[in-house]
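Enquirer: Pasting start-v8.cif here (mmCIF, C-alpha atoms):
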```cif
data_work
#
loop_
_atom_site.label_atom_id
_atom_site.label_comp_id
_atom_site.auth_asym_id
_atom_site.auth_seq_id
_atom_site.Cartn_x
_atom_site.Cartn_y
_atom_site.Cartn_z
CA MET B 1 -14.42 2.27 -27.39
CA ASP B 2 -16.04 1.34 -24.07
CA ASN B 3 -13.99 -1.76 -23.21
CA PHE B 4 -16.22 -2.78 -20.30
CA SER B 5 -14.44 -6.12 -19.91
CA TYR B 6 -11.15 -4.34 -19.16
CA LEU B 7 -12.86 -1.93 -16.77
CA PHE B 8 -14.53 -4.89 -15.01
CA ALA B 9 -11.20 -6.76 -14.85
CA ALA B 10 -9.34 -3.79 -13.35
CA PHE B 11 -11.99 -3.12 -10.70
CA THR B 12 -12.26 -6.82 -9.85
CA VAL B 13 -8.50 -7.15 -9.41
CA ILE B 14 -8.31 -4.03 -7.19
CA TRP B 15 -11.25 -4.96 -4.93
CA VAL B 16 -10.49 -8.67 -4.66
CA ALA B 17 -6.83 -7.93 -3.83
CA LEU B 18 -7.83 -5.40 -1.15
CA PHE B 19 -10.39 -7.78 0.38
CA VAL B 20 -7.87 -10.64 0.40
CA TYR B 21 -5.26 -8.41 2.06
CA VAL B 22 -7.75 -7.24 4.72
CA PHE B 23 -8.82 -10.88 5.29
CA ILE B 24 -5.18 -12.00 5.70
CA LEU B 25 -4.54 -9.18 8.20
CA SER B 26 -7.65 -9.99 10.26
CA GLN B 27 -6.86 -13.75 10.31
CA ARG B 28 -3.29 -13.03 11.41
CA GLN B 29 -4.58 -10.76 14.19
CA ILE B 30 -6.98 -13.45 15.42
CA SER B 31 -4.31 -16.18 15.44
CA LEU B 32 -1.79 -13.92 17.24
CA LYS B 33 -4.37 -12.97 19.86
CA ARG B 34 -5.06 -16.69 20.48
CA GLU B 35 -1.33 -17.40 20.73
CA ILE B 36 -0.79 -14.52 23.18
CA ASP B 37 -3.68 -15.70 25.38
CA LYS B 38 -2.34 -19.27 25.33
CA LEU B 39 1.20 -18.16 26.24
CA LYS B 40 -0.12 -15.92 29.05
CA THR B 41 -2.01 -18.84 30.59
CA MET B 42 1.19 -20.90 30.41
CA ILE B 43 3.09 -18.16 32.28
CA LYS B 44 0.46 -17.49 34.98
CA PRO B 45 0.58 -20.90 36.80
CA GLU B 46 4.38 -20.69 36.89
CA ALA B 47 4.17 -17.21 38.45
CA LYS B 48 2.03 -18.62 41.29
CA MET T 1 -13.86 2.47 19.37
CA LYS T 2 -11.87 4.93 17.25
CA ARG T 3 -10.39 1.99 15.34
CA LYS T 4 -13.80 0.48 14.54
CA LEU T 5 -15.12 3.90 13.52
CA LEU T 6 -12.22 4.41 11.09
CA ILE T 7 -12.72 0.95 9.57
CA ILE T 8 -16.45 1.61 9.07
CA LEU T 9 -15.75 5.10 7.71
CA SER T 10 -13.22 3.82 5.18
CA GLY T 11 -15.70 1.13 4.07
CA VAL T 12 -18.48 3.70 3.60
CA LEU T 13 -16.13 6.06 1.72
CA LEU T 14 -14.96 3.23 -0.56
CA ILE T 15 -18.59 2.45 -1.48
CA ALA T 16 -19.22 6.19 -2.07
CA ALA T 17 -16.07 6.36 -4.24
CA LEU T 18 -17.31 3.38 -6.27
CA TYR T 19 -20.64 5.15 -6.79
CA LEU T 20 -18.92 8.36 -7.93
CA VAL T 21 -16.52 6.55 -10.26
CA LEU T 22 -19.00 4.13 -11.86
CA LEU T 23 -22.23 6.15 -11.92
CA TRP T 24 -21.73 9.84 -11.15
CA VAL T 25 -18.66 11.12 -12.99
CA PRO T 26 -19.16 11.86 -16.72
CA THR T 27 -17.68 9.47 -19.28
CA ASP T 28 -14.44 10.61 -20.87
CA ALA T 29 -15.05 11.84 -24.43
CA ILE T 30 -11.87 10.29 -25.87
CA GLN T 31 -11.25 7.04 -23.99
CA GLY T 32 -14.82 6.17 -23.01
CA ASN T 33 -15.63 4.15 -19.89
CA ILE T 34 -12.19 2.56 -19.59
CA GLN T 35 -10.89 5.95 -18.38
CA ARG T 36 -12.75 5.32 -15.09
CA ILE T 37 -9.76 3.18 -14.04
CA PHE T 38 -7.95 6.53 -13.62
CA TYR T 39 -9.96 7.34 -10.44
CA PHE T 40 -8.46 4.32 -8.68
CA HIS T 41 -5.15 4.07 -10.51
CA VAL T 42 -3.97 7.56 -9.46
CA PRO T 43 -5.05 7.27 -5.77
CA LEU T 44 -3.35 3.85 -5.57
CA ALA T 45 -0.14 5.44 -6.88
CA TRP T 46 -0.48 8.35 -4.41
CA VAL T 47 -0.86 5.95 -1.48
CA ALA T 48 2.11 3.87 -2.68
CA PHE T 49 4.26 7.04 -2.74
CA LEU T 50 2.96 8.10 0.67
CA SER T 51 3.74 4.72 2.21
CA PHE T 52 7.29 4.75 0.85
CA PHE T 53 7.72 8.27 2.21
CA VAL T 54 6.76 6.88 5.64
CA VAL T 55 9.35 4.09 5.13
CA PHE T 56 11.94 6.76 4.24
CA VAL T 57 11.22 8.91 7.32
CA ALA T 58 10.99 5.89 9.65
CA GLY T 59 14.28 4.59 8.22
CA ILE T 60 16.05 7.87 9.02
CA MET T 61 14.48 7.89 12.50
CA TYR T 62 15.66 4.33 13.14
CA LEU T 63 19.25 5.15 12.12
CA VAL T 64 19.20 8.23 14.38
CA LYS T 65 17.38 6.80 17.43
CA ARG T 66 18.11 3.04 17.07
CA ASP T 67 14.62 2.38 18.43
CA MET T 68 12.88 -0.72 17.00
CA LYS T 69 9.51 1.02 16.93
CA TRP T 70 10.70 2.92 13.83
CA ASP T 71 11.59 -0.36 12.15
CA TYR T 72 8.10 -1.73 12.85
CA LEU T 73 6.60 1.46 11.41
CA ALA T 74 8.77 1.25 8.27
CA ALA T 75 8.10 -2.46 7.66
CA SER T 76 4.33 -2.03 8.14
CA SER T 77 4.20 0.90 5.75
CA ALA T 78 6.42 -0.87 3.21
CA GLU T 79 4.08 -3.87 3.13
CA VAL T 80 1.00 -1.73 2.48
CA GLY T 81 3.01 0.25 -0.10
CA LEU T 82 4.02 -2.93 -1.88
CA VAL T 83 0.38 -4.09 -2.08
CA PHE T 84 -0.66 -0.72 -3.52
CA THR T 85 2.27 -0.57 -5.99
CA THR T 86 1.32 -4.05 -7.24
CA LEU T 87 -2.23 -2.80 -7.83
CA VAL T 88 -0.92 0.33 -9.61
CA LEU T 89 1.10 -1.85 -12.01
CA VAL T 90 -1.75 -4.30 -12.60
CA SER T 91 -4.48 -1.65 -13.05
CA GLY T 92 -2.16 0.38 -15.32
CA SER T 93 -1.44 -2.68 -17.43
CA ILE T 94 -5.16 -3.47 -17.82
CA TRP T 95 -5.77 0.16 -18.79
CA ALA T 96 -2.88 0.10 -21.29
CA LYS T 97 -4.14 -2.88 -23.27
CA PRO T 98 -7.24 -1.28 -24.85
CA ILE T 99 -5.66 2.19 -25.13
CA TRP T 100 -2.08 1.43 -26.26
CA GLY T 101 -2.75 -2.04 -27.65
CA VAL T 102 -0.18 -3.68 -25.35
CA TRP T 103 -0.20 -4.90 -21.74
CA TRP T 104 3.25 -3.48 -21.10
CA THR T 105 5.78 -1.16 -22.73
CA TRP T 106 9.25 -0.18 -21.49
CA ASP T 107 8.18 3.43 -21.14
CA ALA T 108 9.99 5.63 -18.56
CA ARG T 109 7.01 5.85 -16.18
CA LEU T 110 6.21 2.14 -16.30
CA THR T 111 9.84 1.07 -16.02
CA THR T 112 10.63 3.33 -13.05
CA ALA T 113 7.41 2.17 -11.33
CA LEU T 114 8.43 -1.46 -11.87
CA ILE T 115 11.89 -0.66 -10.42
CA LEU T 116 10.14 0.85 -7.37
CA TRP T 117 8.14 -2.36 -6.93
CA LEU T 118 11.32 -4.47 -7.25
CA ILE T 119 13.14 -2.30 -4.66
CA TYR T 120 10.46 -3.00 -2.06
CA VAL T 121 10.29 -6.70 -2.99
CA ALA T 122 14.07 -6.73 -2.30
CA TYR T 123 13.38 -4.87 0.97
CA PHE T 124 11.29 -7.80 2.19
CA ILE T 125 13.60 -10.49 0.80
CA ILE T 126 16.51 -8.93 2.72
CA ARG T 127 14.38 -8.62 5.88
CA SER T 128 13.51 -12.31 5.68
CA TYR T 129 17.17 -13.34 5.33
CA ILE T 130 18.53 -11.48 8.37
CA ASN T 131 17.68 -12.99 11.75
CA GLU T 132 19.38 -10.48 14.04
CA ASP T 133 16.86 -7.71 14.85
CA ASN T 134 19.17 -4.68 14.88
CA LYS T 135 21.09 -5.75 11.79
CA ARG T 136 17.82 -6.40 9.91
CA ALA T 137 16.42 -3.02 10.95
CA ARG T 138 19.65 -1.24 9.91
CA PHE T 139 19.80 -2.86 6.46
CA ALA T 140 16.06 -2.32 5.91
CA ALA T 141 16.37 1.36 6.90
CA ILE T 142 19.18 1.89 4.37
CA ILE T 143 17.19 0.19 1.57
CA GLY T 144 14.07 2.17 2.55
CA ILE T 145 15.98 5.46 2.40
CA LEU T 146 17.81 4.69 -0.86
CA GLY T 147 14.71 3.11 -2.40
CA PHE T 148 12.73 6.29 -1.86
CA ILE T 149 15.03 8.07 -4.36
CA ASP T 150 13.05 6.25 -7.06
CA VAL T 151 9.74 7.87 -5.99
CA PRO T 152 10.50 11.39 -7.35
CA ILE T 153 12.05 9.73 -10.43
CA VAL T 154 8.77 7.85 -11.05
CA PHE T 155 6.81 11.06 -10.51
CA LEU T 156 9.01 13.20 -12.78
CA SER T 157 9.58 10.51 -15.44
CA ILE T 158 6.69 11.84 -17.54
CA THR T 159 8.18 15.35 -17.65
CA ILE T 160 11.89 14.54 -17.99
CA SER T 161 11.57 11.94 -20.73
CA ARG T 162 9.45 11.21 -23.79
CA THR T 163 6.70 8.89 -22.70
CA THR T 164 3.40 7.44 -23.85
CA HIS T 165 2.02 7.74 -20.30
CA PRO T 166 -0.42 10.67 -19.92
CA SER T 167 0.86 13.73 -18.06
CA ALA T 168 -0.53 14.85 -14.68
CA LEU T 169 -3.74 16.61 -15.80
CA ILE T 170 -4.58 17.54 -12.20
CA PHE T 171 -1.76 20.10 -12.14
CA LYS T 172 -2.66 21.54 -15.55
CA GLY T 173 -6.34 22.17 -14.83
CA GLY T 174 -7.29 19.70 -17.56
CA LEU T 175 -10.02 17.95 -15.60
CA ALA T 176 -13.74 18.80 -15.55
CA PRO T 177 -14.96 19.83 -12.04
CA GLU T 178 -16.85 16.52 -11.53
CA MET T 179 -13.77 14.56 -12.60
CA LEU T 180 -11.52 16.55 -10.27
CA PHE T 181 -13.96 16.10 -7.36
CA THR T 182 -14.16 12.32 -7.96
CA LEU T 183 -10.38 12.06 -8.15
CA LEU T 184 -9.84 14.07 -4.94
CA PHE T 185 -12.58 12.10 -3.15
CA SER T 186 -10.93 8.86 -4.20
CA ILE T 187 -7.49 10.09 -3.11
CA ALA T 188 -8.87 11.04 0.34
CA THR T 189 -10.63 7.65 0.62
CA PHE T 190 -7.52 5.67 -0.29
CA THR T 191 -5.40 7.77 2.07
CA LEU T 192 -7.75 6.82 4.92
CA LEU T 193 -7.66 3.19 3.78
CA TYR T 194 -3.85 3.36 3.87
CA TYR T 195 -3.97 4.69 7.44
CA VAL T 196 -6.34 1.89 8.52
CA LEU T 197 -4.30 -0.88 6.85
CA PHE T 198 -1.01 0.58 8.13
CA THR T 199 -2.21 0.76 11.75
CA GLU T 200 -3.67 -2.78 11.55
CA ARG T 201 -0.37 -4.10 10.15
CA LEU T 202 1.52 -2.25 12.86
CA LYS T 203 -0.68 -3.91 15.51
CA ILE T 204 0.21 -7.31 14.05
CA ARG T 205 3.93 -6.50 14.15
CA ARG T 206 3.66 -5.44 17.81
CA ALA T 207 1.69 -8.61 18.62
CA GLU T 208 4.40 -10.69 16.92
CA GLU T 209 6.99 -9.06 19.18
CA GLU T 210 4.84 -9.79 22.23
CA VAL T 211 4.61 -13.45 21.18
CA LYS T 212 8.42 -13.56 20.87
CA LYS T 213 8.84 -12.13 24.38
CA LEU T 214 6.19 -14.45 25.89
CA LYS T 215 7.79 -17.50 24.24
CA PHE T 216 11.12 -16.45 25.73
CA MET T 217 9.51 -16.17 29.19
CA VAL T 218 7.84 -19.60 28.82
CA ARG T 219 11.17 -21.20 27.85
CA LYS T 220 12.80 -19.67 30.96
#
```
Please rewrite the model in this file as structure tokens.
Expert:
Amino acid sequence: MDNFSYLFAAFTVIWVALFVYVFILSQRQISLKREIDKLKTMIKPEAK
Amino acid sequence: MKRKLLIILSGVLLIAALYLVLLWVPTDAIQGNIQRIFYFHVPLAWVAFLSFFVVFVAGIMYLVKRDMKWDYLAASSAEVGLVFTTLVLVSGSIWAKPIWGVWWTWDARLTTALILWLIYVAYFIIRSYINEDNKRARFAAIIGILGFIDVPIVFLSITISRTTHPSALIFKGGLAPEMLFTLLFSIATFTLLYYVLFTERLKIRRAEEEVKKLKFMVRK
């Protein structure tokens, strides 16, 4: 009655999904920060 | 600093929760080890309900104040809620197979939970189809408010209808002290994780708005 394979499957799905979601969020943050920095440098010379 | 501390704390608490669930809490006498899914399945459901409550409140606040910050709050919380609801459905299905013999049954609890998931999938589909900010926020707020009606229905489905889903043992005192402690610890951990994910998603949404504004300035 132990069903370890199901327990392993459930825990794997939960943890992998959470890690993937956290990874997606962090990658999105990094790319947005790069984009913001790039756009700011494009605005600065025009302001001068 | 506070942000990094919260991220580290939620990571440490998640590892501690894993230890409690896999090694510390006693094995259930009836279901065996598979019952350990319960200590993540219930907290995931709690966080999903909490996130949709935030969507509900933020939706009302948007309709009252017409301030976009409430729309950002609602959308960020809805996304985290959708991730957690997906995990509730998947973990519940994996738990059901060895216990009920089927991956899925059209039981009241499962069906209402699936409807909840579909409501918030629709929430994002509608958001993606409307380009005008205020119109999108208004429609999303209405769906978020109406969609939340399903949350108490999901919660009460096990008491108002005949169901194969187990009843809420936590309110009946049917859990051993170690089991109750592990469950509450896991609920607290997942609530903190929700807060961390929600604030990170909110930061992304604000950054996206900043990009929009900067692009507009560059074009000028």
Enquirer: Let me know the centre plus edge lengths, in Å and rounded to one decimal, of a box with edges along x, y and z that contains all listed atoms of segment 7-14 of chain B and is padded by 3 Å on every side, as AutoDock Vina command-line options.
Expert:
```
--center_x -11.4 --center_y -4.5 --center_z -12.0 --size_x 12.2 --size_y 11.2 --size_z 15.6
```
Enquirer: Taking the file above as input, evaluate the PyMOL selection byres ((chain T) within 9 of (chain B)) and report the hits as an MDAnalysis selection string.
Expert: chainID T and resid 30:37 40 83:84 87:88 90:95 97:98 197 200:201 203:204 207:208 210:211 214:215 217:218
Enquirer: Rounded to one decimal, what separation in Å do you get between atom CA of Leu22 of chain T and atom CA of His41 of chain T?
Expert: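 Interatomic distance here is 13.9 Å.
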Enquirer: Rounded to one decimal place, report the atom CA of Met61 of chain T-atom CA of Arg127 of chain T distance in Å.
Expert: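 For atom CA of Met61 of chain T relative to atom CA of Arg127 of chain T, the distance reads 17.8 Å.
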Enquirer: Just the number, please: distance in Å from atom CA of Leu146 of chain T to atom CA of Asp67 of chain T, one decimal.
Expert: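 According to the coordinates, atom CA of Leu146 of chain T and atom CA of Asp67 of chain T are separated by 19.7 Å.
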Enquirer: From the options T:Ala74, T:Leu156, T:Leu184, T:Leu18, which residue's atoms come nearest to Tyr120 of chain T, counting all atoms listed in the file?
Expert: T:Ala74
Enquirer: Within 12 Å of Arg66 of chain T, counting all atoms listed in the file, which residues show up once you throw out same-chain ones fewer than 2 positions away? Write them as a list in words, please.
Expert: Ala58, Gly59, Ile60, Met61, Tyr62, Leu63, Val64, Met68, Lys69, Trp70, Asp71, Tyr72, Asp133, Asn134, Lys135, Arg136, Ala137, Arg138 and Ala141 of chain T
Enquirer: Written as a list of chain:residue names, which residues does the PyMOL selection byres ((chain T and resi 77) around 9) give for the file shown?
Expert: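 So the PyMOL selection byres ((chain T and resi 77) around 9) ends up selecting T:Leu50, T:Ser51, T:Phe52, T:Phe53, T:Val54, T:Val55, T:Tyr72, T:Leu73, T:Ala74, T:Ala75, T:Ser76, T:Ala78, T:Glu79, T:Val80, T:Gly81, T:Leu82, T:Tyr194, T:Leu197, T:Phe198, T:Thr199, T:Arg201, T:Leu202.
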